[in-house]
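Q: I am sharing data-v7.txt, which consists of compact mmCIF, C-alpha atoms:
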```txt
# COMPACT_ATOMS: atom_id res chain seq x y z
CA MET A 1 -34.34 48.69 153.21
CA ALA A 2 -35.70 46.41 150.50
CA LEU A 3 -34.02 43.08 149.90
CA VAL A 4 -32.86 42.43 146.35
CA ASP A 5 -32.43 38.94 144.90
CA ARG A 6 -28.94 38.23 143.58
CA ILE A 7 -27.71 35.65 141.11
CA ILE A 8 -24.13 34.42 140.78
CA LEU A 9 -23.46 32.68 137.49
CA GLU A 10 -20.28 31.18 136.07
CA GLY A 11 -19.88 30.38 132.39
CA ASN A 12 -18.44 31.49 129.07
CA ILE A 13 -19.49 34.55 127.10
CA SER A 14 -21.15 32.99 124.06
CA ARG A 15 -22.37 36.11 122.28
CA ILE A 16 -22.05 39.88 122.51
CA TYR A 17 -24.87 41.67 120.73
CA ASP A 18 -24.21 44.32 118.09
CA ASN A 19 -27.29 46.45 118.82
CA GLN A 20 -25.93 48.16 121.89
CA THR A 21 -27.11 51.37 123.49
CA ASP A 22 -24.62 53.99 124.60
CA ASN A 23 -24.55 52.78 128.22
CA LEU A 24 -25.58 49.10 128.16
CA ILE A 25 -24.19 46.00 126.48
CA TRP A 26 -26.26 42.81 126.05
CA PHE A 27 -24.48 39.45 126.05
CA ASP A 28 -25.18 35.75 126.55
CA ILE A 29 -23.50 33.34 128.95
CA CYS A 30 -23.26 29.62 128.23
CA LYS A 31 -23.30 27.34 131.27
CA ASN A 32 -22.26 23.73 130.57
CA GLU A 33 -23.38 21.09 133.04
CA LYS A 34 -22.06 17.54 132.89
CA TYR A 35 -23.73 14.43 134.22
CA ILE A 36 -23.57 10.65 133.86
CA ASP A 37 -26.60 9.14 132.14
CA LYS A 38 -28.22 5.78 133.01
CA ASN A 39 -25.85 4.03 130.56
CA GLY A 40 -22.82 5.40 132.43
CA GLU A 41 -21.86 7.84 129.67
CA GLU A 42 -20.94 11.44 130.34
CA GLN A 43 -23.40 13.94 128.86
CA THR A 44 -23.21 17.72 128.60
CA VAL A 45 -26.20 20.04 128.67
CA SER A 46 -25.72 23.69 127.74
CA SER A 47 -27.92 26.46 129.10
CA PHE A 48 -27.83 30.04 127.83
CA PHE A 49 -28.58 33.12 129.90
CA SER A 50 -29.06 36.68 128.67
CA ALA A 51 -27.43 39.49 130.58
CA LYS A 52 -26.77 43.16 130.28
CA ILE A 53 -24.08 45.28 131.84
CA GLU A 54 -23.17 48.94 132.00
CA ARG A 55 -20.38 49.71 129.57
CA SER A 56 -18.34 51.38 132.34
CA LYS A 57 -18.14 48.08 134.29
CA ILE A 58 -16.43 45.99 131.62
CA ASP A 59 -12.78 45.21 131.12
CA ASN A 60 -12.15 45.08 127.35
CA ASP A 61 -9.47 42.40 127.80
CA LEU A 62 -11.95 40.17 129.67
CA PHE A 63 -15.16 40.98 127.80
CA LYS A 64 -14.72 38.76 124.72
CA VAL A 65 -16.62 35.80 123.29
CA GLY A 66 -15.22 32.67 124.93
CA SER A 67 -14.07 34.36 128.16
CA TRP A 68 -14.75 32.32 131.29
CA ILE A 69 -16.45 34.70 133.74
CA ILE A 70 -18.40 34.91 136.97
CA ILE A 71 -21.15 37.52 137.16
CA THR A 72 -23.23 38.77 140.06
CA GLY A 73 -26.51 40.33 139.09
CA ILE A 74 -30.20 40.93 139.66
CA PRO A 75 -32.83 38.81 137.87
CA LYS A 76 -35.06 40.98 135.66
CA SER A 77 -37.75 40.50 132.98
CA TYR A 78 -39.72 42.44 130.39
CA ILE A 79 -42.45 41.86 127.78
CA ASP A 80 -41.12 42.04 124.22
CA LYS A 81 -42.94 43.46 121.16
CA ASN A 82 -44.47 40.00 120.45
CA ASN A 83 -45.91 39.91 123.98
CA TYR A 84 -43.43 37.25 125.21
CA LYS A 85 -41.84 37.50 128.63
CA LYS A 86 -38.04 37.72 128.39
CA PHE A 87 -35.72 37.09 131.33
CA TYR A 88 -32.21 38.45 131.82
CA ILE A 89 -29.65 39.25 134.48
CA PHE A 90 -28.75 42.88 135.13
CA THR A 91 -25.04 42.46 135.84
CA LEU A 92 -23.64 44.32 138.85
CA ASP A 93 -20.17 42.77 138.82
CA ILE A 94 -18.12 40.72 136.38
CA LYS A 95 -14.90 38.86 137.22
CA ASN A 96 -12.44 36.63 135.45
CA ALA A 97 -13.34 33.14 136.72
CA ARG A 98 -9.72 31.95 136.66
CA GLU A 99 -8.62 34.88 138.84
CA LYS A 100 -11.55 34.34 141.24
CA ILE A 101 -10.61 30.66 141.68
CA LYS A 102 -6.98 31.66 142.41
CA GLU A 103 -8.21 34.11 145.09
CA GLU A 104 -10.41 31.48 146.70
CA LYS A 105 -7.54 28.97 146.82
CA ASN A 106 -5.55 31.49 148.91
CA THR A 107 -8.43 31.98 151.36
CA PRO A 108 -8.30 29.50 154.25
CA ILE A 109 -11.33 27.31 154.87
CA ILE A 110 -12.13 27.22 158.58
CA SER A 111 -14.55 24.62 159.90
CA TYR A 112 -14.98 22.36 162.94
CA ASP A 113 -14.55 18.63 163.37
CA THR A 114 -17.29 16.51 164.95
CA ASP A 115 -15.59 16.79 168.36
CA GLY A 116 -15.45 20.61 168.18
CA VAL A 117 -11.77 20.96 167.20
CA MET A 118 -11.14 23.71 164.66
CA LEU A 119 -10.04 22.66 161.17
CA TRP A 120 -7.86 24.97 159.06
CA ASN A 121 -7.96 23.88 155.39
CA GLY A 122 -8.93 20.41 156.64
CA GLN A 123 -6.10 20.17 159.21
CA ARG A 124 -6.92 19.84 162.92
CA CYS A 125 -5.76 22.77 165.09
CA GLU A 126 -5.31 21.20 168.49
CA SER A 127 -3.61 22.95 171.34
CA GLU A 128 -1.45 21.63 174.16
CA PRO A 129 -1.88 22.75 177.77
CA CYS A 130 0.62 25.31 179.08
CA THR A 131 3.57 24.22 181.17
CA PRO A 132 3.68 25.70 184.71
CA GLU A 133 6.54 27.98 183.59
CA GLU A 134 4.52 29.31 180.59
CA LEU A 135 1.48 29.86 182.81
CA ALA A 136 3.57 31.82 185.35
CA GLU A 137 5.00 33.98 182.52
CA MET A 138 1.52 34.78 181.20
CA GLU A 139 0.26 35.64 184.70
CA GLU A 140 3.18 38.03 185.14
CA LEU A 141 2.37 39.74 181.82
CA LEU A 142 -1.31 40.10 182.76
CA LYS A 143 -0.67 41.64 186.21
CA GLU A 144 -0.69 45.24 184.98
CA PHE A 145 -4.03 44.78 183.23
CA ARG A 146 -5.67 43.15 186.23
CA GLY A 147 -4.68 45.90 188.65
CA ASP A 148 -2.70 43.61 190.94
CA VAL A 149 0.68 45.23 190.26
CA ASP A 150 2.94 45.25 193.35
CA GLY A 151 2.76 48.47 195.30
CA LEU A 152 -0.77 49.49 194.21
```
Mind turning the file's structure into C-alpha cells?
A:
Amino acid sequence: MALVDRIILEGNISRIYDNQTDNLIWFDICKNEKYIDKNGEEQTVSSFFSAKIERSKIDNDLFKVGSWIIITGIPKSYIDKNNYKKFYIFTLDIKNAREKIKEEKNTPIISYDTDGVMLWNGQRCESEPCTPEELAEMEELLKEFRGDVDGL
C-alpha cells in the first residue's frame, strides 16, 4: 500500500471560483498568522492556498466565502498554460472549524505526569490501596474465573 501525504489546513474561504467543472469546485483558503515583531507590535501575515473539492462533498450552508473551515487533503501540482508550476490541495474532507473545536473540547486529553501518574484533562488520577475487606470481596468474585470454586 502506498503512503499518501496529507495536509490539514484551517482558515477562511476567501474565494470560490466561477469557472467550475461539473464535478469539481476550486476555492481559496486564507490562513492568518499573528506574531509580535521586534518592536513589540502584533502583526498579521495572510497566506492563501488553492484547493479543489468534489461537489458531492460540500455542504452548501458551510461552503460560503468567509466560512471558517478545516480541510484535510492531498498536496498536488500541475503546469499551467504559461509553463508555471501551480500547487493546490485536493480536498478529501471539509469541516466547520467551530464544530470541530467543540468536538475536541469534549474529548478528554489523557497524558502522564513526570512520576508516571495518569492525567485526565490535566487532573491527576491517583488511586488508593484497597482495604482488606475490599480485597477479600474482589477475591471472592474472582474465584469462579480462577477455577478455585469450592467443591471442584
Q: Ranking A:Phe90, A:Trp68, A:Ser77, A:Asn82 by minimum distance to Ile25 (chain A) and counting all atoms listed in the file, which one comes first?
A: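 Counting all atoms listed in the file, the residue closest to Ile25 (chain A) is A:Phe90.
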Q: Between CA of Gly147 (chain A) and CA of Ser127 (chain A), what is the spacing in Å?
A: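 CA of Gly147 (chain A) lies at a distance of 28.8 Å from CA of Ser127 (chain A).
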Q: Work out how far CA of Glu33 (chain A) is from CA of Lys57 (chain A), in Å to one decimal.
A: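 So the two atoms, CA of Lys57 (chain A) and CA of Glu33 (chain A), lie 27.5 Å apart.
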Q: Enter the distance from CA of Asn96 (chain A) to CA of Ser111 (chain A), in Å, rounded to one decimal.
A: 27.3 Å
Q: Identify which of the residues A:Glu126, A:Glu42, A:Glu10, A:Glu144 lies closest to Asp113 (chain A), counting only C-alpha atoms when measuring atom-to-atom distances.
A: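 Using only C-alpha atoms, the shortest distance to Asp113 (chain A) belongs to A:Glu126.
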Q: Name the residues in contact with Ile74 (chain A) at a cut-off of 12 Å, using all atoms listed in the file, excluding same-chain residues fewer than 2 positions from it; report them as an NGL selection string.
A: :A and (3-9 or 50-53 or 71-72 or 76-77 or 87-93)
Q: Choose the residue, out of A:Phe49, A:Phe145, A:Glu134, A:Cys30, that has the smallest atom-to-atom separation from Pro75 (chain A); count all atoms listed in the file.
A: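 Among the listed residues, the smallest separation from Pro75 (chain A) belongs to A:Phe49.
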Q: Restricting the calculation to all atoms listed in the file, which member of A:Thr114, A:Ser67, A:Asn121, A:Asn32 is positioned closest to Val45 (chain A)?
A: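 Closest candidate: A:Asn32.
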Q: Taking (-29.7, 16.1, 129.5) in the file's own coordinates, collect the residues within 9 Å, counting all atoms listed in the file, and hand them back as a ChimeraX atom specification.
A: /A:33-35,37,43-46
